[in-house]
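Here is the structure we will look at.
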Amino acid sequence: MRSFSRIFNSPNALYIVSALLCIAGCGRRETAVQKGITEQVLHLGNGAEPQDLDPHIVTGVPEHNIIAALMEGLVAEDPEDLHPIPGAAERWEISEDRCTYTFHLRKNGRWSNGDPVTSHDYLYSFKRILSPALGSEYSYMLYCMKNAEKFNKGEVDDFSQVGASTPDSHTLVITLNNPTPYFLSLLTHYSWYAVHPGTIEKHGEIDRRGSRWTRAENYVGNGPFVLKQWDVNRVIIVEKSPTYWDAENVRLNKIHFHPIESEQTEERAFRSGQLHVTNSVPTQKIEHYKENEP
């Protein structure tokens, strides 16, 4: 106690206290990764800034990563070996000729605005992505469906001739041109995802590109997360959705998608504890990691 008393009573006490406070404040700060582990917030390096978050328009991997958090297809992928497992559809039957698939949607499936996810939403979405005026680059992903290609190319005008029907609000029947062994896996691609019809039409026609429906304040999805913030060239933040059918098993509270185009910059952010995940390693760093951090 005497030594501390001498310090505080000395003429240089103010400078000494200031120095001690400075030293105390210079300890290692908690990184985004450390804080994220505590708060269940994932920081992910996501490459380029996404062009859009419309599953019927986009074509890139950065967009895919975000859309996969905001939406869910009829079929999902097992995290261990990627075999098809139930997603928005809780089960399905396949006809003997392998050309007709009957999907039964979950009764507790909900859009992020609380509306039920119905088979009619999928029918609407198939019509949307196949509409010639939308000009979707991935419309061909649906060509295995009966008459889908003809409708997309304007050879068939009546969408009821396309191989998709809805016997009721929770049953969707898809008829294929031919048996397609990989069809269930194909459904995990975002081109097959449903969009919320009311949200699309609130912001334009069914085949309008670049409408405001994908803004954070307007976005409606059926996935495990909801879009809360989109700061262009800075960060996209999604939060756990309370309406998702399997919300109790979603462990993350948020995901921060960081658009970082430079591999070198993203690698530095990863090494400094700003990112949990980076998807690439600069070529010139490979030997360094082999030798020093295998």
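Going through the structure tokens in order, the chains are called A, B, and so on, while each chain numbers its residues from 1 and the ligands are numbered from 1 in the order shown.
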
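Using only C-alpha atoms, the protein and nucleic acid residues lying no more than 12 Å from A:Glu63, apart from those fewer than 6 places from it along its own chain, are A:Asn46, A:Gly47, A:Ala48, A:Glu49, A:Pro50, A:Gln51, A:Asp52, A:Leu53, A:Asp54, A:Pro55, A:His56, A:Ile57, A:Ala69, A:Leu70, A:Met71, A:Tyr190, A:Ser191, A:Thr214, A:Ile236, A:Phe257, A:His258, A:Pro259.
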
Once you have the residues from the selection above, write them out as an mmCIF file, in the first residue's frame, restricted to N, CA and C atoms.
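Resulting contents of part.cif:
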```cif
data_model
loop_
_atom_site.group_PDB
_atom_site.id
_atom_site.type_symbol
_atom_site.label_atom_id
_atom_site.label_comp_id
_atom_site.auth_asym_id
_atom_site.auth_seq_id
_atom_site.Cartn_x
_atom_site.Cartn_y
_atom_site.Cartn_z
ATOM 1 N N ASN A 46 -16.799 -13.984 -48.374
ATOM 2 C CA ASN A 46 -17.733 -14.404 -49.422
ATOM 3 C C ASN A 46 -17.344 -13.938 -50.818
ATOM 4 N N GLY A 47 -16.073 -13.594 -51.037
ATOM 5 C CA GLY A 47 -15.655 -13.214 -52.382
ATOM 6 C C GLY A 47 -16.274 -11.906 -52.835
ATOM 7 N N ALA A 48 -16.782 -11.874 -54.051
ATOM 8 C CA ALA A 48 -17.290 -10.640 -54.642
ATOM 9 C C ALA A 48 -18.629 -10.226 -54.037
ATOM 10 N N GLU A 49 -18.952 -8.951 -54.200
ATOM 11 C CA GLU A 49 -20.259 -8.428 -53.809
ATOM 12 C C GLU A 49 -21.336 -9.117 -54.664
ATOM 13 N N PRO A 50 -22.400 -9.660 -54.050
ATOM 14 C CA PRO A 50 -23.444 -10.312 -54.844
ATOM 15 C C PRO A 50 -24.157 -9.324 -55.762
ATOM 16 N N GLN A 51 -24.493 -9.780 -56.953
ATOM 17 C CA GLN A 51 -25.199 -8.927 -57.908
ATOM 18 C C GLN A 51 -26.668 -8.772 -57.527
ATOM 19 N N ASP A 52 -27.230 -9.800 -56.921
ATOM 20 C CA ASP A 52 -28.632 -9.800 -56.515
ATOM 21 C C ASP A 52 -28.827 -10.978 -55.582
ATOM 22 N N LEU A 53 -30.011 -11.077 -54.969
ATOM 23 C CA LEU A 53 -30.317 -12.230 -54.126
ATOM 24 C C LEU A 53 -31.613 -12.897 -54.590
ATOM 25 N N ASP A 54 -31.871 -12.765 -55.880
ATOM 26 C CA ASP A 54 -33.042 -13.384 -56.504
ATOM 27 C C ASP A 54 -32.619 -14.744 -57.047
ATOM 28 N N PRO A 55 -33.151 -15.852 -56.512
ATOM 29 C CA PRO A 55 -32.691 -17.180 -56.936
ATOM 30 C C PRO A 55 -32.971 -17.497 -58.401
ATOM 31 N N HIS A 56 -33.843 -16.738 -59.034
ATOM 32 C CA HIS A 56 -34.172 -16.987 -60.440
ATOM 33 C C HIS A 56 -33.365 -16.112 -61.392
ATOM 34 N N ILE A 57 -32.512 -15.275 -60.820
ATOM 35 C CA ILE A 57 -31.720 -14.347 -61.632
ATOM 36 C C ILE A 57 -30.228 -14.612 -61.523
ATOM 37 N N ALA A 69 -28.872 -19.562 -47.177
ATOM 38 C CA ALA A 69 -29.234 -19.243 -45.794
ATOM 39 C C ALA A 69 -30.656 -18.686 -45.703
ATOM 40 N N LEU A 70 -31.096 -18.013 -46.768
ATOM 41 C CA LEU A 70 -32.389 -17.330 -46.753
ATOM 42 C C LEU A 70 -33.535 -18.185 -47.262
ATOM 43 N N MET A 71 -33.222 -19.228 -48.028
ATOM 44 C CA MET A 71 -34.263 -20.043 -48.651
ATOM 45 C C MET A 71 -33.938 -21.525 -48.541
ATOM 46 N N TYR A 190 -30.586 -23.585 -56.390
ATOM 47 C CA TYR A 190 -31.516 -22.486 -56.088
ATOM 48 C C TYR A 190 -32.443 -22.105 -57.234
ATOM 49 N N SER A 191 -32.151 -22.562 -58.446
ATOM 50 C CA SER A 191 -33.062 -22.283 -59.559
ATOM 51 C C SER A 191 -34.426 -22.945 -59.341
ATOM 52 N N THR A 214 -35.727 -7.780 -53.310
ATOM 53 C CA THR A 214 -34.570 -8.388 -52.656
ATOM 54 C C THR A 214 -33.870 -7.435 -51.683
ATOM 55 N N ILE A 236 -23.177 -8.263 -45.519
ATOM 56 C CA ILE A 236 -24.573 -8.698 -45.553
ATOM 57 C C ILE A 236 -24.799 -9.530 -44.304
ATOM 58 N N PHE A 257 -21.794 -12.088 -43.953
ATOM 59 C CA PHE A 257 -21.126 -12.388 -45.223
ATOM 60 C C PHE A 257 -20.310 -11.166 -45.631
ATOM 61 N N HIS A 258 -18.994 -11.333 -45.682
ATOM 62 C CA HIS A 258 -18.095 -10.219 -46.000
ATOM 63 C C HIS A 258 -17.647 -10.311 -47.455
ATOM 64 N N PRO A 259 -18.046 -9.345 -48.294
ATOM 65 C CA PRO A 259 -17.620 -9.363 -49.696
ATOM 66 C C PRO A 259 -16.194 -8.852 -49.834
#
```

Would you kindly return, as a PyMOL selection string, each protein, DNA or RNA residue with an atom no farther than 12 Å from any atom of A:Leu184, considering only C-alpha atoms and excluding same-chain residues fewer than 3 positions away?
chain A and resi 73-77+82-87+89+91-94+98-103+144+174+176+179-181+187-189+192

Enumerate, as JSON, numbers by chain, the complete set of residues in stretch 176-255 of chain A that a backbone-based DSSP assignment places in strand (DSSP E).
{"A": [225, 226, 227, 228, 229, 230, 231, 235, 236, 237, 238, 239, 240, 254, 255]}

Mind writing the picked residues with C-alpha atoms as a short mmCIF file (atom, residue, chain, number, x, y, z; two decimals), in the first residue's frame?
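As a result, selection_7.cif now contains:
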```
data_model
loop_
_atom_site.label_atom_id
_atom_site.label_comp_id
_atom_site.auth_asym_id
_atom_site.auth_seq_id
_atom_site.Cartn_x
_atom_site.Cartn_y
_atom_site.Cartn_z
CA PHE A 225 -32.26 -17.10 -41.72
CA VAL A 226 -33.79 -13.74 -42.63
CA LEU A 227 -32.07 -10.83 -44.35
CA LYS A 228 -31.49 -8.02 -41.85
CA GLN A 229 -28.83 -5.81 -43.42
CA TRP A 230 -27.18 -5.29 -46.81
CA ASP A 231 -24.43 -2.69 -46.87
CA VAL A 235 -21.36 -6.72 -45.20
CA ILE A 236 -24.57 -8.70 -45.55
CA ILE A 237 -26.08 -9.84 -42.26
CA VAL A 238 -28.68 -12.57 -41.84
CA GLU A 239 -30.32 -13.50 -38.54
CA LYS A 240 -31.94 -16.70 -37.33
CA LYS A 254 -26.33 -14.61 -37.26
CA ILE A 255 -24.08 -14.90 -40.28
#
```

Could you list, as a ChimeraX atom specification, every residue within 7 Å of A:Ile206, counting only C-alpha atoms and ignoring same-chain residues fewer than 5 positions away?
/A:128,200-201

Include C-alpha atoms and write out the residues we just selected as a PDB file, in the first residue's frame.
```
ATOM      1  CA  ARG A 128     -41.579 -17.285 -63.215  1.00  0.00           C
ATOM      2  CA  ILE A 200     -42.815 -10.484 -56.103  1.00  0.00           C
ATOM      3  CA  GLU A 201     -46.056  -8.890 -57.262  1.00  0.00           C
TER       4      GLU A 201
END
```

Stretch 79-233 of chain A: which residues are helix (DSSP H, G or I) by DSSP, as an NGL selection string?
:A and (119-130 or 132-134 or 139-142 or 148-152 or 159-161 or 183-186 or 190-192 or 197-202 or 212-214)

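Rounded to one decimal, atom CA of A:Leu275 and atom CA of A:Ile66 lie 15.9 Å from each other.
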
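For the residues A:Thr175, A:Glu80, A:Tyr289, A:Asp207, ranking by smallest atom-to-atom distance to A:Asp97 using only C-alpha atoms places A:Thr175 first.
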
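Closest approach to A:Asp121 from the set A:Ser95, A:Asn222, A:Asn152, A:Ser139 is made by A:Asn222, with distances taken over only C-alpha atoms.
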
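Interatomic distance, atom CA of A:Trp213 to atom CA of A:Glu261: 25.5 Å.
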
Residues at most 9 Å from stretch 197-199 of chain A, counting only C-alpha atoms, excluding those fewer than 3 positions away in the same chain, as a short mmCIF file (atom, residue, chain, number, x, y, z; two decimals) with C-alpha atoms, in the first residue's frame?
```cif
data_model
loop_
_atom_site.label_atom_id
_atom_site.label_comp_id
_atom_site.auth_asym_id
_atom_site.auth_seq_id
_atom_site.Cartn_x
_atom_site.Cartn_y
_atom_site.Cartn_z
CA ASP A 121 -45.90 -21.01 -54.48
CA TYR A 124 -45.82 -19.80 -59.47
CA SER A 125 -42.04 -19.91 -59.12
CA ALA A 194 -39.79 -21.03 -54.52
CA LYS A 202 -45.90 -6.12 -54.67
CA HIS A 203 -42.72 -4.87 -56.34
CA GLY A 204 -43.46 -5.53 -60.02
CA ILE A 206 -43.76 -11.76 -62.33
CA TRP A 213 -38.12 -7.27 -53.48
CA ASN A 218 -38.60 -6.39 -48.38
CA TYR A 219 -37.04 -9.85 -48.57
CA VAL A 220 -39.27 -12.81 -47.77
#
```

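For the residues A:Thr265, A:Asn65, A:Asn279, A:Asn177, ranking by smallest atom-to-atom distance to A:Ala148 using only C-alpha atoms places A:Asn177 first.
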
d(atom CA of A:Asn108, atom CA of A:Val41) in Å
26.3 Å
